[in-house]
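A short write-up of the structure that comes next.
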Amino acid sequence: MGLKLFSLYQKSRSLRLRQAILPRVLGLLLLQFFAPAHARSQTPDEEKAVPILSGTLGFLPSVTAGQTLVDTQFNPVLLVPIGERWLVESRGEFEGEFQHQPNGTFGGPLNKHLDYLHADYIANPYVTVTAGRFLTPFGIFNERLYPMWIRALQPDPLILPIATASSDGAMLRGGFPVTGRANLNYAAYVSVASIGVAGVESERHVGGRAGFFFPGPRLEVGASWQKVLQDDRKNAIGLHMAWQPPAIPLSMHSEFVRSNQGSGYWIEGAYRLSQVRFWQKAMRRTEFVARGQQFFSGNITPDAAASLGLPGANTQESDFGLNYFLKDGLKLVGSYGRQFSSAGNFNQWTAGIAYRFVLPLGRGGNQ
Amino acid sequence: MRQFPIVILALILAFTGMAASSNKGESSAATPIVHATDPDALRALGEQRFRANCGRCHAAPQKFPPRAMATVLRHMRVRATITDEDMRAVLFYMSQ
């Protein structure tokens, strides 16, 4: 009994000690972190940075399993630099999905939401602190390849909804050389509340991503991890790869993910026809793309999968596309894909145009 | 267990803070290129770094005004986690 009481006393003392000390330790760490002694600018902005309004406009009619959908998107991006170390950035998404109605007209929902709105503080060459709503750094597609003017194929990969809902919280990230031949990049984040893809899910999670980039062969490999901090507290893990062989205009990307919601992978290659010897003026503006992917259902019901935007059954899909770059930021896109699933096979045709704009704002923006 | 995220953040802060402070004296070692004087060499290096880093996701955009480019690169530094050194080289290449 005496031992038990002593143990309880020790536990409560330890708890009080932690409650008293933890905030102080955190405070000291933050002070060290945000108060670098040297005054040298950590950003290369010898030119004073100006606010920018950028974004993408897209018009993408598609026919999926015989159903015509006219997808119109507007994704404005606002970048506001403050001083030499701060950046506030935001992206909204306005998407109209119009379908052929029985009365002969096109109509449908207009979806709008905030993809991210966060402040970045470039603490030093190794660390950037981000706070607010941010794109979850899980894999590479969600953060880097998602914008219409960047992605080589317009249909999303099947596994995209897994662990990629925007996060609301804080993140540390950065990239730096670890040897002469390799750079390390990392991101670690905590989300106190996340809004799911369907806009109905809410969860807390913690996670991170780390990757090595080898500039010589232009190869990047990395891994991601995320743990949900509520309900079933499940983990999701991911692997990613990006490779641009220096000798040929080929761009390869791939992701793998394993989670409670499902598992799968995709691999994509985009080849710019600039080495073709005929019709060179047109060929160097043309890109051929192919993607193969598989999805394996997880431990959730088909309805739950559908609400997340995932297939309800094991699925395979192959896509082929052709892009033509009219000018910088303006491209014509077209693709064909076929999906094989126990729920039914179907074709998907897409054709459209994507435009990326950049407008410097404020005085001196054109200097 | 509720403090798990805070502890993780604290550990990362401690690690990165220590790493940064231990490198304060050699910060210029990570950015030797900005002190180079040969503009052609800088431009060539910038183009090389652009192809290696930015080319991982998208084709080369047009060159923007330097002040706009400074903002774009600050954004890309965060988004694509490119290194401080690479960002300086690319900024020189894209704004000259």
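Ordering of the structure tokens sets the chain letters (A, B, ...), residue numbers begin anew at 1 in every chain, and ligands are numbered from 1 in the order given.
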
**Asked** If you count only C-alpha atoms, which residues fall within 7 Å of segment 44-56 of chain B, apart from same-chain ones fewer than 5 positions away, as a VMD selection string?
**Response** (chain A and resid 215 218 242 244) or (chain B and resid 82 86 89 to 90 92 to 93)

Those same residues - N, CA and C atoms - I'd like them written as a PDB file, in the first residue's frame.
```
ATOM      1  N   PRO A 215      21.505  15.119 -57.632  1.00  0.00           N
ATOM      2  CA  PRO A 215      21.480  16.010 -58.799  1.00  0.00           C
ATOM      3  C   PRO A 215      22.156  15.419 -60.029  1.00  0.00           C
ATOM      4  N   ARG A 218      19.821  13.065 -61.519  1.00  0.00           N
ATOM      5  CA  ARG A 218      18.501  13.709 -61.399  1.00  0.00           C
ATOM      6  C   ARG A 218      17.454  12.713 -60.888  1.00  0.00           C
ATOM      7  N   ALA A 242      11.143  10.262 -58.389  1.00  0.00           N
ATOM      8  CA  ALA A 242      11.109  11.149 -59.559  1.00  0.00           C
ATOM      9  C   ALA A 242      12.470  11.040 -60.231  1.00  0.00           C
ATOM     10  N   GLN A 244      14.606  12.212 -63.912  1.00  0.00           N
ATOM     11  CA  GLN A 244      14.741  12.817 -65.239  1.00  0.00           C
ATOM     12  C   GLN A 244      16.137  12.485 -65.760  1.00  0.00           C
TER      13      GLN A 244
ATOM     14  N   ILE B  82      13.810  23.035 -52.240  1.00  0.00           N
ATOM     15  CA  ILE B  82      15.123  23.134 -52.882  1.00  0.00           C
ATOM     16  C   ILE B  82      16.077  23.837 -51.916  1.00  0.00           C
ATOM     17  N   ASP B  86      20.923  26.188 -54.241  1.00  0.00           N
ATOM     18  CA  ASP B  86      20.294  26.005 -55.544  1.00  0.00           C
ATOM     19  C   ASP B  86      19.362  27.163 -55.869  1.00  0.00           C
ATOM     20  N   ALA B  89      21.323  30.132 -57.142  1.00  0.00           N
ATOM     21  CA  ALA B  89      21.811  29.928 -58.509  1.00  0.00           C
ATOM     22  C   ALA B  89      20.676  30.087 -59.515  1.00  0.00           C
ATOM     23  N   VAL B  90      19.519  29.506 -59.190  1.00  0.00           N
ATOM     24  CA  VAL B  90      18.385  29.578 -60.115  1.00  0.00           C
ATOM     25  C   VAL B  90      17.889  31.019 -60.226  1.00  0.00           C
ATOM     26  N   PHE B  92      19.616  33.737 -59.966  1.00  0.00           N
ATOM     27  CA  PHE B  92      20.547  34.480 -60.826  1.00  0.00           C
ATOM     28  C   PHE B  92      20.276  34.136 -62.299  1.00  0.00           C
ATOM     29  N   TYR B  93      20.103  32.853 -62.564  1.00  0.00           N
ATOM     30  CA  TYR B  93      19.859  32.403 -63.934  1.00  0.00           C
ATOM     31  C   TYR B  93      18.545  32.959 -64.476  1.00  0.00           C
TER      32      TYR B  93
END
```

**Asked** Tell me, which residues of segment 303-348 of chain A carry DSSP strand (DSSP E), written as a PyMOL selection string?
**Response** chain A and resi 315-327+330-341+346-348

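Considering only C-alpha atoms, the residue among A:Met241, A:Ala163, A:Leu69, A:Leu114 positioned nearest to chain B is A:Met241.
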
**Message:** Could you list, as an MDAnalysis selection string, every residue within 12 Å of segment 67-72 of chain B, counting only C-alpha atoms and ignoring same-chain residues fewer than 6 positions away?
**Reply:** (chainID A and resid 43:55 77:89 358:367) or (chainID B and resid 54 61 78:80 87:96)

**Message:** As an exercise, work out the distance from atom CA of Glu255 of chain A to atom CA of Gly321 of chain A in Å and give it to one decimal place.
**Reply:**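 Separation between atom CA of Glu255 of chain A and atom CA of Gly321 of chain A: 18.9 Å.
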
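In this structure, atom CA of Phe94 of chain A sits 27.0 Å away from atom CA of Thr81 of chain B.
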
**Request:** Determine, counting only C-alpha atoms, which protein, DNA and RNA residues have an atom within 8 Å of an atom of segment 335-349 of chain A; residues of the same chain fewer than 5 positions away are not included. Present the result as JSON, numbers by chain.
**Result:** {"A": [62, 63, 64, 65, 66, 153, 154, 312, 313, 314, 315, 316, 317, 318, 319, 320, 321, 322]}

Take the residues from that selection and put them in a file with C-alpha atoms, as a PDB file, in the first residue's frame.
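Once everything was written out, this is result19.pdb:
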```pdb
ATOM      1  CA  SER A  62     -14.265  14.540 -70.594  1.00  0.00           C
ATOM      2  CA  VAL A  63     -16.314  11.460 -71.362  1.00  0.00           C
ATOM      3  CA  THR A  64     -16.214   8.793 -68.650  1.00  0.00           C
ATOM      4  CA  ALA A  65     -18.138   5.570 -69.195  1.00  0.00           C
ATOM      5  CA  GLY A  66     -20.262   7.372 -71.750  1.00  0.00           C
ATOM      6  CA  LEU A 153      -2.145  13.659 -67.360  1.00  0.00           C
ATOM      7  CA  GLN A 154      -5.277  15.426 -66.189  1.00  0.00           C
ATOM      8  CA  GLY A 312     -14.906   0.779 -54.231  1.00  0.00           C
ATOM      9  CA  ALA A 313     -13.125  -2.325 -55.584  1.00  0.00           C
ATOM     10  CA  ASN A 314      -9.718  -3.462 -56.750  1.00  0.00           C
ATOM     11  CA  THR A 315      -8.938  -1.440 -59.863  1.00  0.00           C
ATOM     12  CA  GLN A 316      -6.370  -1.252 -62.623  1.00  0.00           C
ATOM     13  CA  GLU A 317      -6.042   1.659 -65.005  1.00  0.00           C
ATOM     14  CA  SER A 318      -3.874   2.610 -67.966  1.00  0.00           C
ATOM     15  CA  ASP A 319      -3.780   6.135 -69.385  1.00  0.00           C
ATOM     16  CA  PHE A 320      -2.120   7.615 -72.433  1.00  0.00           C
ATOM     17  CA  GLY A 321      -1.928  11.294 -73.219  1.00  0.00           C
ATOM     18  CA  LEU A 322      -0.622  13.881 -75.603  1.00  0.00           C
TER      19      LEU A 322
END
```

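Across the model, the gap from atom CA of Asp168 of chain A to atom CA of Val221 of chain A is 26.4 Å.
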
**Message:** Which residues are near His58 of chain B? Cut-off 9 Å, only C-alpha atoms, ignore same chain within fewer than 5 positions. Put them as a list in words.
**Reply:**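 Close residues of His58 of chain B: Leu145, Trp149, Ile150 and Arg151 of chain A.
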
Mind writing the picked residues with N, CA and C atoms as a PDB file, in the first residue's frame?
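selection-v6.pdb, written as the output of this step:
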```pdb
ATOM      1  N   LEU A 145       2.771  18.145 -58.158  1.00  0.00           N
ATOM      2  CA  LEU A 145       2.315  17.863 -59.522  1.00  0.00           C
ATOM      3  C   LEU A 145       0.842  18.152 -59.742  1.00  0.00           C
ATOM      4  N   TRP A 149      -1.437  22.976 -64.941  1.00  0.00           N
ATOM      5  CA  TRP A 149      -0.401  23.332 -65.921  1.00  0.00           C
ATOM      6  C   TRP A 149       0.862  22.503 -65.721  1.00  0.00           C
ATOM      7  N   ILE A 150       0.965  21.831 -64.568  1.00  0.00           N
ATOM      8  CA  ILE A 150       2.141  21.002 -64.305  1.00  0.00           C
ATOM      9  C   ILE A 150       1.878  19.538 -64.641  1.00  0.00           C
ATOM     10  N   ARG A 151       0.719  19.015 -64.220  1.00  0.00           N
ATOM     11  CA  ARG A 151       0.488  17.575 -64.374  1.00  0.00           C
ATOM     12  C   ARG A 151       0.493  17.178 -65.845  1.00  0.00           C
TER      13      ARG A 151
END
```
